[in-house]
Amino acid sequence: MPGDLEKIQAIINNLKPSEKKIADYILKSPQDLCDIPISELAKRCKTSEASVVRFCRTLGYKGYQDLKIKVSSDIAFKMRKIQGVVSADDDIETIIAKISKNNMQAIESTMDVINRQEVKKAVDALLEAKKIDFYGVGASAIVAQDAMHKFMRINKSCTAYTDSHMQLVSAANLTKDDVAVGISYSGQTADTVDALKLARNAGATTICITRFGNSPITLVSDIKLFITSNEAIFRSAAMASRMAQLNAIDILFSIIACRKYDEIVKYLENTSEAVSIRKY
């Protein structure tokens with residue numbers, strides 16, 4: 001299953017010391033995991049078999065064998081991908097391939113870490129919301145604006161706030177009938193976390209779209225939609241992670257549109273006609 005090594009990397013800083021040793025070993029030598037029993041892994045990591053079992057459960061695996069199978073599949077999957085960082089001497093064809101493959105891998109990996117039950121909870125909350133706030137700064141601001149554009153088309157009252165002060169002002173006035181969606185790949189963007197915390201304190205349902213693992217934003221979120229990506233170049237530009245975030249928004253929008261199609265189709269037709277070319 002693609003995304004398992006990214007899942008381990010994302011959560012590594014939140015693990016107990018004994019479990020972190022296991023994660024470090026797997027990330028450094030993932031191929032070795034396929035050929036050794038649990039006792040040997042425990043020995044190499046200078047920990048116990050019980051710690052390995054706990055590590056598997058922390059990551060959501062059924063057991064050690066399940067972990068081995070998933071990591072093995074992940075390795076095989078990545079062998080089919082063009083890996084590596086874009087270099088200054090790469091030609092156009094290589095750069096096109098590397099960037100495109102990284103973006104596709106982010107979406108494919110996200111399919112495996114995003115929890116279906118959490119998606120259902122998010123959809124239910126968004127459907128019932130009287131008002132929806134989307135919070136995001138930097139590259140995540142683009143995702144918030146894309147979300148607002150989509151949900152406005154189906155007549156949901158929503159706003160994307162990308163200014164930290166405006167986020168807080170809106171969050172303070174939300175109610176239990178409203179939903180706030182915080183978008184931050186790192187999960188540590190202070191402005192977004194503060195706004196989501198304030199929205200939650202005001203009674204609103206809070207949703208985060210963030211990378212897999214515990215982070216400040218997950219602590220203030222009622223519903224957690226995890227994504228994952230392997231940023232191969234220019235992390236500050238948030239290339240692959242942005243694609244994964246946009247994909248999560250598309251998933252929510254599409255499920256809602258399908259569930260309420262008979263009601264929503266007229267809004268889509270109205271908005272499509274409104275922005276179409278007119279004859280004067």
# chains A, B, ... in the order shown; residues from 1 in each chain; ligands from 1

call {"tool": "residues_around", "arguments": {"residues": "region 210-212 of chain A", "least_positions_apart": "5", "cutoff": "8 Å", "atoms": "only C-alpha atoms", "output": "JSON, numbers by chain"}}
result
{"A": [7, 10, 11, 113, 183, 184, 185, 186, 187, 217, 224, 225, 226, 227, 228, 229, 245]}

call {"tool": "residues_around", "arguments": {"residues": "Val137 (chain A)", "least_positions_apart": "5", "cutoff": "9 Å", "atoms": "only C-alpha atoms", "output": "ChimeraX atom specification"}}
result
/A:142,144,161-164,183-184,189,191-192

call {"tool": "write_last_selection", "arguments": {"atoms": "all heavy atoms", "output": "CSV table (one decimal), in the first residue's frame"}}
result
chain,number,residue,atom,x,y,z
A,142,ILE,N,-4.6,29.3,-0.8
A,142,ILE,CA,-5.1,28.9,-2.2
A,142,ILE,C,-6.1,27.8,-2.1
A,142,ILE,O,-7.2,27.8,-2.8
A,142,ILE,CB,-3.9,28.6,-3.1
A,142,ILE,CG1,-3.0,29.7,-3.2
A,142,ILE,CG2,-4.4,28.1,-4.4
A,142,ILE,CD1,-1.7,29.3,-3.9
A,144,ALA,N,-8.0,27.1,0.6
A,144,ALA,CA,-9.2,27.6,1.2
A,144,ALA,C,-10.1,28.4,0.2
A,144,ALA,O,-11.3,28.2,0.2
A,144,ALA,CB,-8.8,28.5,2.4
A,161,TYR,N,-11.1,32.7,4.7
A,161,TYR,CA,-10.3,33.8,5.4
A,161,TYR,C,-8.8,33.5,5.4
A,161,TYR,O,-8.4,32.4,5.9
A,161,TYR,CB,-10.8,33.9,6.8
A,161,TYR,CG,-12.2,34.4,6.9
A,161,TYR,CD1,-13.3,33.5,7.2
A,161,TYR,CD2,-12.5,35.8,6.8
A,161,TYR,CE1,-14.6,34.0,7.3
A,161,TYR,CE2,-13.8,36.2,6.9
A,161,TYR,CZ,-14.9,35.3,7.1
A,161,TYR,OH,-16.1,35.8,7.2
A,162,THR,N,-8.1,34.3,4.8
A,162,THR,CA,-6.6,34.1,4.7
A,162,THR,C,-5.8,35.2,5.4
A,162,THR,O,-4.6,35.1,5.5
A,162,THR,CB,-6.2,34.2,3.2
A,162,THR,OG1,-6.5,35.5,2.6
A,162,THR,CG2,-6.9,33.1,2.4
A,163,ASP,N,-6.5,36.1,6.0
A,163,ASP,CA,-5.9,37.1,6.9
A,163,ASP,C,-6.1,36.7,8.4
A,163,ASP,O,-7.3,36.3,8.8
A,163,ASP,CB,-6.6,38.5,6.7
A,163,ASP,CG,-6.0,39.5,7.6
A,163,ASP,OD1,-5.0,40.2,7.3
A,163,ASP,OD2,-6.7,39.7,8.7
A,164,SER,N,-5.1,36.7,9.2
A,164,SER,CA,-5.2,36.1,10.5
A,164,SER,C,-6.2,36.9,11.4
A,164,SER,O,-6.9,36.2,12.2
A,164,SER,CB,-3.8,36.2,11.2
A,164,SER,OG,-3.3,37.5,11.3
A,183,ILE,N,-6.9,24.5,7.3
A,183,ILE,CA,-6.1,23.9,6.3
A,183,ILE,C,-4.6,24.2,6.6
A,183,ILE,O,-4.2,25.4,6.5
A,183,ILE,CB,-6.5,24.3,4.9
A,183,ILE,CG1,-8.0,24.0,4.7
A,183,ILE,CG2,-5.6,23.5,3.9
A,183,ILE,CD1,-8.5,24.6,3.4
A,184,SER,N,-3.8,23.2,7.0
A,184,SER,CA,-2.4,23.4,7.3
A,184,SER,C,-1.7,22.1,7.1
A,184,SER,O,-1.9,21.2,7.9
A,184,SER,CB,-2.2,24.0,8.7
A,184,SER,OG,-0.8,24.0,9.1
A,189,THR,N,0.7,25.7,11.8
A,189,THR,CA,0.6,27.1,11.4
A,189,THR,C,-0.2,27.9,12.5
A,189,THR,O,-1.4,27.6,12.7
A,189,THR,CB,-0.2,27.3,10.1
A,189,THR,OG1,0.5,26.5,9.1
A,189,THR,CG2,-0.2,28.7,9.6
A,191,ASP,N,-1.5,30.9,13.1
A,191,ASP,CA,-2.7,31.6,12.8
A,191,ASP,C,-3.9,30.7,12.6
A,191,ASP,O,-5.0,31.0,13.1
A,191,ASP,CB,-2.5,32.5,11.5
A,191,ASP,CG,-1.5,33.6,11.7
A,191,ASP,OD1,-1.3,33.9,12.9
A,191,ASP,OD2,-1.0,34.1,10.7
A,192,THR,N,-3.7,29.6,11.8
A,192,THR,CA,-4.8,28.7,11.5
A,192,THR,C,-5.2,27.9,12.8
A,192,THR,O,-6.4,27.8,13.0
A,192,THR,CB,-4.4,27.7,10.4
A,192,THR,OG1,-4.0,28.5,9.3
A,192,THR,CG2,-5.6,26.8,10.0

call {"tool": "select_by_dssp", "arguments": {"residues": "region 5-211 of chain A", "states": "helix (DSSP H, G or I)", "output": "ChimeraX atom specification"}}
result
/A:5-14,17-28,30-33,38-44,49-58,64-79,92-113,116-128,139-153,164-172,190-201

call {"tool": "closest_residue", "arguments": {"among": "A:Glu263, A:Glu19, A:Asp35, A:Asp74", "to": "Ser109 (chain A)", "atoms": "only C-alpha atoms"}}
result
A:Asp74

call {"tool": "residues_around", "arguments": {"residues": "Lys156 (chain A)", "least_positions_apart": "2", "cutoff": "8 Å", "atoms": "only C-alpha atoms", "output": "PyMOL selection string"}}
result
chain A and resi 130-132+151-154+158

call {"tool": "residues_around", "arguments": {"residues": "region 171-181 of chain A", "least_positions_apart": "4", "cutoff": "8 Å", "atoms": "only C-alpha atoms", "output": "PyMOL selection string"}}
result
chain A and resi 125-126+128-135+167+195-196+198-199+202-209

call {"tool": "atom_distance", "arguments": {"atom1": "CA of Leu246 (chain A)", "atom2": "CA of Val143 (chain A)"}}
result
5.9 Å

call {"tool": "atom_distance", "arguments": {"atom1": "CA of Ile26 (chain A)", "atom2": "CA of Lys62 (chain A)"}}
result
17.2 Å

call {"tool": "closest_residue", "arguments": {"among": "A:Val53, A:Val220, A:Ala122, A:Val193", "to": "Ile251 (chain A)", "atoms": "only C-alpha atoms"}}
result
A:Ala122

call {"tool": "select_by_dssp", "arguments": {"residues": "region 99-186 of chain A", "states": "strand (DSSP E)", "output": "JSON, numbers by chain"}}
result
{"A": [132, 133, 134, 135, 158, 159, 160, 161, 179, 180, 181, 182, 183]}

call {"tool": "atom_distance", "arguments": {"atom1": "CA of Ala240 (chain A)", "atom2": "CA of Gly213 (chain A)"}}
result
17.6 Å

call {"tool": "residues_around", "arguments": {"residues": "region 256-260 of chain A", "least_positions_apart": "3", "cutoff": "8 Å", "atoms": "only C-alpha atoms", "output": "list in words"}}
result
Val123, Leu127, Ile154, Leu252, Phe253, Glu263, Ile264 and Val265 of chain A

call {"tool": "closest_residue", "arguments": {"among": "A:Ala50, A:Val119, A:Ala190, A:Leu5", "to": "Ser215 (chain A)", "atoms": "only C-alpha atoms"}}
result
A:Ala190
